[in-house]
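Q: Please read through the structure below; I'll follow up with questions.
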Amino acid sequence: MTSAIRHVTIDCADAHALGTFWSKVLDLPVHEDDKPGDDEALIEGAGLLFVTVPDAKTVKNRVHLDLQPQDRTRDEEVERLLGLGATLVADRRNPDGTGWAVLADPEGNEFCVERGAGERAG
């Protein structure tokens with residue numbers, strides 16, 4: 001017998017608000033049963049489950065998401081995500097086009113944006 005990862009669960013202060021942010025990032029819907037004020041919000045297509053907890057985030061994430069844009073460049077995606085409410089934590093982009101950007105979602109959870117699929121293919 002084996003196990004499968006069903007969800008990656010992210011603790012947060014407001015499950016629906018953070019789930020909605022990530023829904024826009026990934027262009028995937030929050031589950032139709034999840035409403036504002038609920039303790040959980042699921043983005044089923046990504047396997048991300050947001051759960052409201054009373055504890056505030058206090059340290060750097062031990063696990064984080066790495067995003068790879070599929071239809072735009074890394075830099076275009078960084079700008080789009082900043083417009084959605086992300087913040088730039090560390091800019092690890094190099095002059096030769098390699099590297100990545102470390103961003104944080106509205107609750108401070110870090111994630112990285114790598115070069116886009118087209119940038120890697122070229």
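Each chain in the structure tokens gets a letter, A, B and so on, in the order shown; residues start at 1 in every chain, and ligands are counted from 1 in the order they appear.
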From chain A, collect each residue whose DSSP state is strand (DSSP E) and return the set as an mmCIF file with N, CA and C atoms, in the first residue's frame.

A:
data_model
loop_
_atom_site.group_PDB
_atom_site.id
_atom_site.type_symbol
_atom_site.label_atom_id
_atom_site.label_comp_id
_atom_site.auth_asym_id
_atom_site.auth_seq_id
_atom_site.Cartn_x
_atom_site.Cartn_y
_atom_site.Cartn_z
ATOM 1 N N VAL A 8 -2.004 20.070 -0.566
ATOM 2 C CA VAL A 8 -0.998 20.816 0.180
ATOM 3 C C VAL A 8 -1.812 21.833 0.972
ATOM 4 N N THR A 9 -1.744 21.751 2.291
ATOM 5 C CA THR A 9 -2.563 22.587 3.155
ATOM 6 C C THR A 9 -1.763 23.784 3.639
ATOM 7 N N ILE A 10 -2.353 24.958 3.518
ATOM 8 C CA ILE A 10 -1.696 26.195 3.914
ATOM 9 C C ILE A 10 -2.533 26.834 5.015
ATOM 10 N N ASP A 11 -1.944 26.946 6.208
ATOM 11 C CA ASP A 11 -2.605 27.627 7.310
ATOM 12 C C ASP A 11 -2.604 29.124 7.028
ATOM 13 N N CYS A 12 -3.689 29.794 7.423
ATOM 14 C CA CYS A 12 -3.781 31.225 7.139
ATOM 15 C C CYS A 12 -4.810 31.871 8.062
ATOM 16 N N GLU A 40 -12.344 26.879 5.462
ATOM 17 C CA GLU A 40 -11.515 26.223 4.458
ATOM 18 C C GLU A 40 -11.872 26.759 3.071
ATOM 19 N N ALA A 41 -10.866 26.752 2.200
ATOM 20 C CA ALA A 41 -11.086 27.078 0.788
ATOM 21 C C ALA A 41 -10.168 26.173 -0.017
ATOM 22 N N LEU A 42 -10.727 25.511 -1.017
ATOM 23 C CA LEU A 42 -9.995 24.539 -1.813
ATOM 24 C C LEU A 42 -9.881 25.005 -3.259
ATOM 25 N N ILE A 43 -8.672 24.932 -3.781
ATOM 26 C CA ILE A 43 -8.463 25.067 -5.225
ATOM 27 C C ILE A 43 -8.155 23.657 -5.692
ATOM 28 N N LEU A 48 -4.552 22.663 -3.621
ATOM 29 C CA LEU A 48 -4.223 23.574 -2.521
ATOM 30 C C LEU A 48 -5.444 23.765 -1.633
ATOM 31 N N LEU A 49 -5.249 23.535 -0.344
ATOM 32 C CA LEU A 49 -6.308 23.699 0.642
ATOM 33 C C LEU A 49 -5.865 24.758 1.648
ATOM 34 N N PHE A 50 -6.656 25.817 1.771
ATOM 35 C CA PHE A 50 -6.362 26.892 2.711
ATOM 36 C C PHE A 50 -7.253 26.718 3.923
ATOM 37 N N VAL A 51 -6.660 26.755 5.114
ATOM 38 C CA VAL A 51 -7.386 26.503 6.352
ATOM 39 C C VAL A 51 -7.132 27.663 7.319
ATOM 40 N N THR A 52 -8.210 28.255 7.812
ATOM 41 C CA THR A 52 -8.095 29.338 8.784
ATOM 42 C C THR A 52 -7.650 28.773 10.121
ATOM 43 N N LEU A 65 5.949 27.135 -2.847
ATOM 44 C CA LEU A 65 5.600 26.830 -4.231
ATOM 45 C C LEU A 65 6.564 27.537 -5.165
ATOM 46 N N ASP A 66 6.945 26.865 -6.248
ATOM 47 C CA ASP A 66 7.710 27.462 -7.336
ATOM 48 C C ASP A 66 6.783 27.537 -8.540
ATOM 49 N N LEU A 67 6.545 28.736 -9.036
ATOM 50 C CA LEU A 67 5.670 28.928 -10.182
ATOM 51 C C LEU A 67 6.495 29.072 -11.450
ATOM 52 N N THR A 87 3.949 40.679 -2.768
ATOM 53 C CA THR A 87 5.052 41.605 -2.524
ATOM 54 C C THR A 87 6.360 40.924 -2.893
ATOM 55 N N LEU A 88 7.317 41.720 -3.359
ATOM 56 C CA LEU A 88 8.638 41.206 -3.706
ATOM 57 C C LEU A 88 9.462 41.088 -2.434
ATOM 58 N N VAL A 89 9.942 39.876 -2.143
ATOM 59 C CA VAL A 89 10.739 39.615 -0.945
ATOM 60 C C VAL A 89 12.225 39.653 -1.277
ATOM 61 N N ALA A 90 12.613 39.002 -2.370
ATOM 62 C CA ALA A 90 14.015 38.957 -2.783
ATOM 63 C C ALA A 90 14.076 38.803 -4.291
ATOM 64 N N ASP A 91 14.910 39.591 -4.917
ATOM 65 C CA ASP A 91 15.054 39.537 -6.362
ATOM 66 C C ASP A 91 16.329 38.770 -6.684
ATOM 67 N N ARG A 92 16.170 37.541 -7.134
ATOM 68 C CA ARG A 92 17.306 36.668 -7.462
ATOM 69 C C ARG A 92 17.482 36.541 -8.973
ATOM 70 N N ARG A 93 16.921 37.494 -9.727
ATOM 71 C CA ARG A 93 17.054 37.484 -11.179
ATOM 72 C C ARG A 93 18.441 37.999 -11.558
ATOM 73 N N GLY A 99 17.785 32.842 -12.978
ATOM 74 C CA GLY A 99 17.383 33.237 -11.635
ATOM 75 C C GLY A 99 15.874 33.260 -11.463
ATOM 76 N N TRP A 100 15.457 33.776 -10.344
ATOM 77 C CA TRP A 100 14.052 33.768 -9.969
ATOM 78 C C TRP A 100 13.752 34.952 -9.066
ATOM 79 N N ALA A 101 12.476 35.170 -8.813
ATOM 80 C CA ALA A 101 12.030 36.204 -7.879
ATOM 81 C C ALA A 101 11.285 35.522 -6.741
ATOM 82 N N VAL A 102 11.573 35.955 -5.522
ATOM 83 C CA VAL A 102 10.871 35.456 -4.343
ATOM 84 C C VAL A 102 9.813 36.485 -3.988
ATOM 85 N N LEU A 103 8.574 36.043 -3.965
ATOM 86 C CA LEU A 103 7.453 36.909 -3.620
ATOM 87 C C LEU A 103 6.764 36.360 -2.373
ATOM 88 N N ALA A 104 5.861 37.140 -1.820
ATOM 89 C CA ALA A 104 5.025 36.685 -0.709
ATOM 90 C C ALA A 104 3.574 36.987 -1.056
ATOM 91 N N GLU A 110 5.912 32.816 1.410
ATOM 92 C CA GLU A 110 6.829 33.002 0.297
ATOM 93 C C GLU A 110 6.577 31.990 -0.817
ATOM 94 N N PHE A 111 6.834 32.441 -2.048
ATOM 95 C CA PHE A 111 6.812 31.559 -3.214
ATOM 96 C C PHE A 111 7.761 32.148 -4.248
ATOM 97 N N CYS A 112 8.186 31.335 -5.196
ATOM 98 C CA CYS A 112 9.147 31.780 -6.201
ATOM 99 C C CYS A 112 8.516 31.775 -7.583
ATOM 100 N N VAL A 113 8.995 32.688 -8.419
ATOM 101 C CA VAL A 113 8.594 32.716 -9.823
ATOM 102 C C VAL A 113 9.854 32.474 -10.635
#

Q: Looking only at alpha helix (DSSP H) from DSSP on the backbone, list the matching residues of chain A as a list of chain:residue names.

A: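 Assigned to alpha helix (DSSP H), within chain A: A:Ala15, A:His16, A:Ala17, A:Leu18, A:Gly19, A:Thr20, A:Phe21, A:Trp22, A:Ser23, A:Lys24, A:Val25, A:Leu26, A:Arg74, A:Asp75, A:Glu76, A:Glu77, A:Val78, A:Glu79, A:Arg80, A:Leu81, A:Leu82, A:Gly83, A:Leu84, A:Ala117, A:Gly118, A:Glu119, A:Arg120, A:Ala121.
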
Q: Could the residues in this selection be written to a file with N, CA, C and O atoms, as a JSON list (two decimals), in the first residue's frame?

A:
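The resulting file, again-v2.json, is shown below:
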[["chain", "number", "residue", "atom", "x", "y", "z"],
["A", 15, "ALA", "N", -9.06, 31.94, 5.11],
["A", 15, "ALA", "CA", -8.96, 30.91, 4.08],
["A", 15, "ALA", "C", -9.55, 31.37, 2.75],
["A", 15, "ALA", "O", -8.94, 31.18, 1.69],
["A", 16, "HIS", "N", -10.71, 31.98, 2.78],
["A", 16, "HIS", "CA", -11.35, 32.36, 1.51],
["A", 16, "HIS", "C", -10.59, 33.48, 0.83],
["A", 16, "HIS", "O", -10.39, 33.45, -0.39],
["A", 17, "ALA", "N", -10.13, 34.47, 1.57],
["A", 17, "ALA", "CA", -9.40, 35.58, 0.96],
["A", 17, "ALA", "C", -8.09, 35.09, 0.34],
["A", 17, "ALA", "O", -7.76, 35.45, -0.80],
["A", 18, "LEU", "N", -7.36, 34.26, 1.07],
["A", 18, "LEU", "CA", -6.09, 33.77, 0.53],
["A", 18, "LEU", "C", -6.34, 32.79, -0.61],
["A", 18, "LEU", "O", -5.62, 32.80, -1.62],
["A", 19, "GLY", "N", -7.36, 31.96, -0.49],
["A", 19, "GLY", "CA", -7.72, 31.06, -1.58],
["A", 19, "GLY", "C", -8.10, 31.83, -2.84],
["A", 19, "GLY", "O", -7.74, 31.44, -3.95],
["A", 20, "THR", "N", -8.78, 32.95, -2.67],
["A", 20, "THR", "CA", -9.16, 33.78, -3.81],
["A", 20, "THR", "C", -7.93, 34.39, -4.48],
["A", 20, "THR", "O", -7.84, 34.43, -5.71],
["A", 21, "PHE", "N", -6.95, 34.85, -3.68],
["A", 21, "PHE", "CA", -5.70, 35.35, -4.25],
["A", 21, "PHE", "C", -5.04, 34.28, -5.11],
["A", 21, "PHE", "O", -4.70, 34.51, -6.27],
["A", 22, "TRP", "N", -4.89, 33.08, -4.55],
["A", 22, "TRP", "CA", -4.22, 32.00, -5.29],
["A", 22, "TRP", "C", -5.06, 31.53, -6.48],
["A", 22, "TRP", "O", -4.53, 31.10, -7.49],
["A", 23, "SER", "N", -6.37, 31.64, -6.37],
["A", 23, "SER", "CA", -7.25, 31.32, -7.50],
["A", 23, "SER", "C", -6.93, 32.22, -8.68],
["A", 23, "SER", "O", -6.84, 31.76, -9.83],
["A", 24, "LYS", "N", -6.71, 33.50, -8.42],
["A", 24, "LYS", "CA", -6.35, 34.44, -9.47],
["A", 24, "LYS", "C", -4.94, 34.18, -10.00],
["A", 24, "LYS", "O", -4.69, 34.29, -11.20],
["A", 25, "VAL", "N", -4.01, 33.84, -9.11],
["A", 25, "VAL", "CA", -2.64, 33.53, -9.53],
["A", 25, "VAL", "C", -2.65, 32.37, -10.51],
["A", 25, "VAL", "O", -2.00, 32.41, -11.56],
["A", 26, "LEU", "N", -3.37, 31.31, -10.17],
["A", 26, "LEU", "CA", -3.35, 30.07, -10.94],
["A", 26, "LEU", "C", -4.42, 29.99, -12.02],
["A", 26, "LEU", "O", -4.44, 29.04, -12.80],
["A", 74, "ARG", "N", 8.89, 35.36, -17.07],
["A", 74, "ARG", "CA", 9.00, 35.46, -15.61],
["A", 74, "ARG", "C", 8.71, 36.88, -15.16],
["A", 74, "ARG", "O", 7.94, 37.10, -14.23],
["A", 75, "ASP", "N", 9.33, 37.86, -15.82],
["A", 75, "ASP", "CA", 9.18, 39.25, -15.39],
["A", 75, "ASP", "C", 7.76, 39.75, -15.58],
["A", 75, "ASP", "O", 7.23, 40.49, -14.74],
["A", 76, "GLU", "N", 7.10, 39.33, -16.66],
["A", 76, "GLU", "CA", 5.69, 39.69, -16.85],
["A", 76, "GLU", "C", 4.83, 39.08, -15.75],
["A", 76, "GLU", "O", 3.90, 39.72, -15.24],
["A", 77, "GLU", "N", 5.13, 37.85, -15.37],
["A", 77, "GLU", "CA", 4.36, 37.19, -14.32],
["A", 77, "GLU", "C", 4.58, 37.86, -12.98],
["A", 77, "GLU", "O", 3.65, 38.06, -12.20],
["A", 78, "VAL", "N", 5.81, 38.24, -12.69],
["A", 78, "VAL", "CA", 6.10, 38.95, -11.44],
["A", 78, "VAL", "C", 5.26, 40.22, -11.37],
["A", 78, "VAL", "O", 4.62, 40.50, -10.35],
["A", 79, "GLU", "N", 5.22, 40.99, -12.44],
["A", 79, "GLU", "CA", 4.43, 42.22, -12.46],
["A", 79, "GLU", "C", 2.95, 41.94, -12.27],
["A", 79, "GLU", "O", 2.25, 42.65, -11.54],
["A", 80, "ARG", "N", 2.44, 40.89, -12.91],
["A", 80, "ARG", "CA", 1.02, 40.52, -12.75],
["A", 80, "ARG", "C", 0.72, 40.16, -11.30],
["A", 80, "ARG", "O", -0.29, 40.61, -10.73],
["A", 81, "LEU", "N", 1.59, 39.38, -10.67],
["A", 81, "LEU", "CA", 1.36, 38.95, -9.30],
["A", 81, "LEU", "C", 1.47, 40.11, -8.32],
["A", 81, "LEU", "O", 0.70, 40.18, -7.35],
["A", 82, "LEU", "N", 2.38, 41.03, -8.56],
["A", 82, "LEU", "CA", 2.46, 42.22, -7.73],
["A", 82, "LEU", "C", 1.15, 43.00, -7.82],
["A", 82, "LEU", "O", 0.66, 43.52, -6.81],
["A", 83, "GLY", "N", 0.57, 43.06, -9.01],
["A", 83, "GLY", "CA", -0.71, 43.73, -9.20],
["A", 83, "GLY", "C", -1.86, 43.05, -8.48],
["A", 83, "GLY", "O", -2.85, 43.70, -8.14],
["A", 84, "LEU", "N", -1.73, 41.74, -8.23],
["A", 84, "LEU", "CA", -2.77, 41.00, -7.50],
["A", 84, "LEU", "C", -2.63, 41.14, -5.99],
["A", 84, "LEU", "O", -3.50, 40.70, -5.25],
["A", 117, "ALA", "N", 8.09, 29.05, -19.37],
["A", 117, "ALA", "CA", 8.34, 27.86, -20.21],
["A", 117, "ALA", "C", 9.04, 28.25, -21.50],
["A", 117, "ALA", "O", 9.99, 27.59, -21.93],
["A", 118, "GLY", "N", 8.61, 29.34, -22.13],
["A", 118, "GLY", "CA", 9.23, 29.80, -23.37],
["A", 118, "GLY", "C", 10.66, 30.26, -23.16],
["A", 118, "GLY", "O", 11.52, 30.06, -24.03],
["A", 119, "GLU", "N", 10.94, 30.87, -22.03],
["A", 119, "GLU", "CA", 12.30, 31.32, -21.73],
["A", 119, "GLU", "C", 13.26, 30.15, -21.54],
["A", 119, "GLU", "O", 14.41, 30.22, -21.88],
["A", 120, "ARG", "N", 12.75, 29.09, -20.97],
["A", 120, "ARG", "CA", 13.58, 27.89, -20.77],
["A", 120, "ARG", "C", 13.84, 27.14, -22.07],
["A", 120, "ARG", "O", 14.85, 26.51, -22.23],
["A", 121, "ALA", "N", 12.87, 27.21, -22.99],
["A", 121, "ALA", "CA", 13.00, 26.49, -24.25],
["A", 121, "ALA", "C", 13.98, 27.17, -25.20],
["A", 121, "ALA", "O", 14.55, 26.52, -26.07]]

Q: Given the choices A:Asn109, A:Asp96, A:Glu32, A:Glu44, which gets closest to Val63 (chain A) if the distance is worked out from only C-alpha atoms?

A: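 Smallest separation from Val63 (chain A) among the options: A:Asn109.
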
Q: If you measure from CA of Asp14 (chain A) to CA of Gly108 (chain A), what distance in Å do you get, rounded to one decimal?

A: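 Answer for the CA of Asp14 (chain A) to CA of Gly108 (chain A) separation: 12.4 Å.
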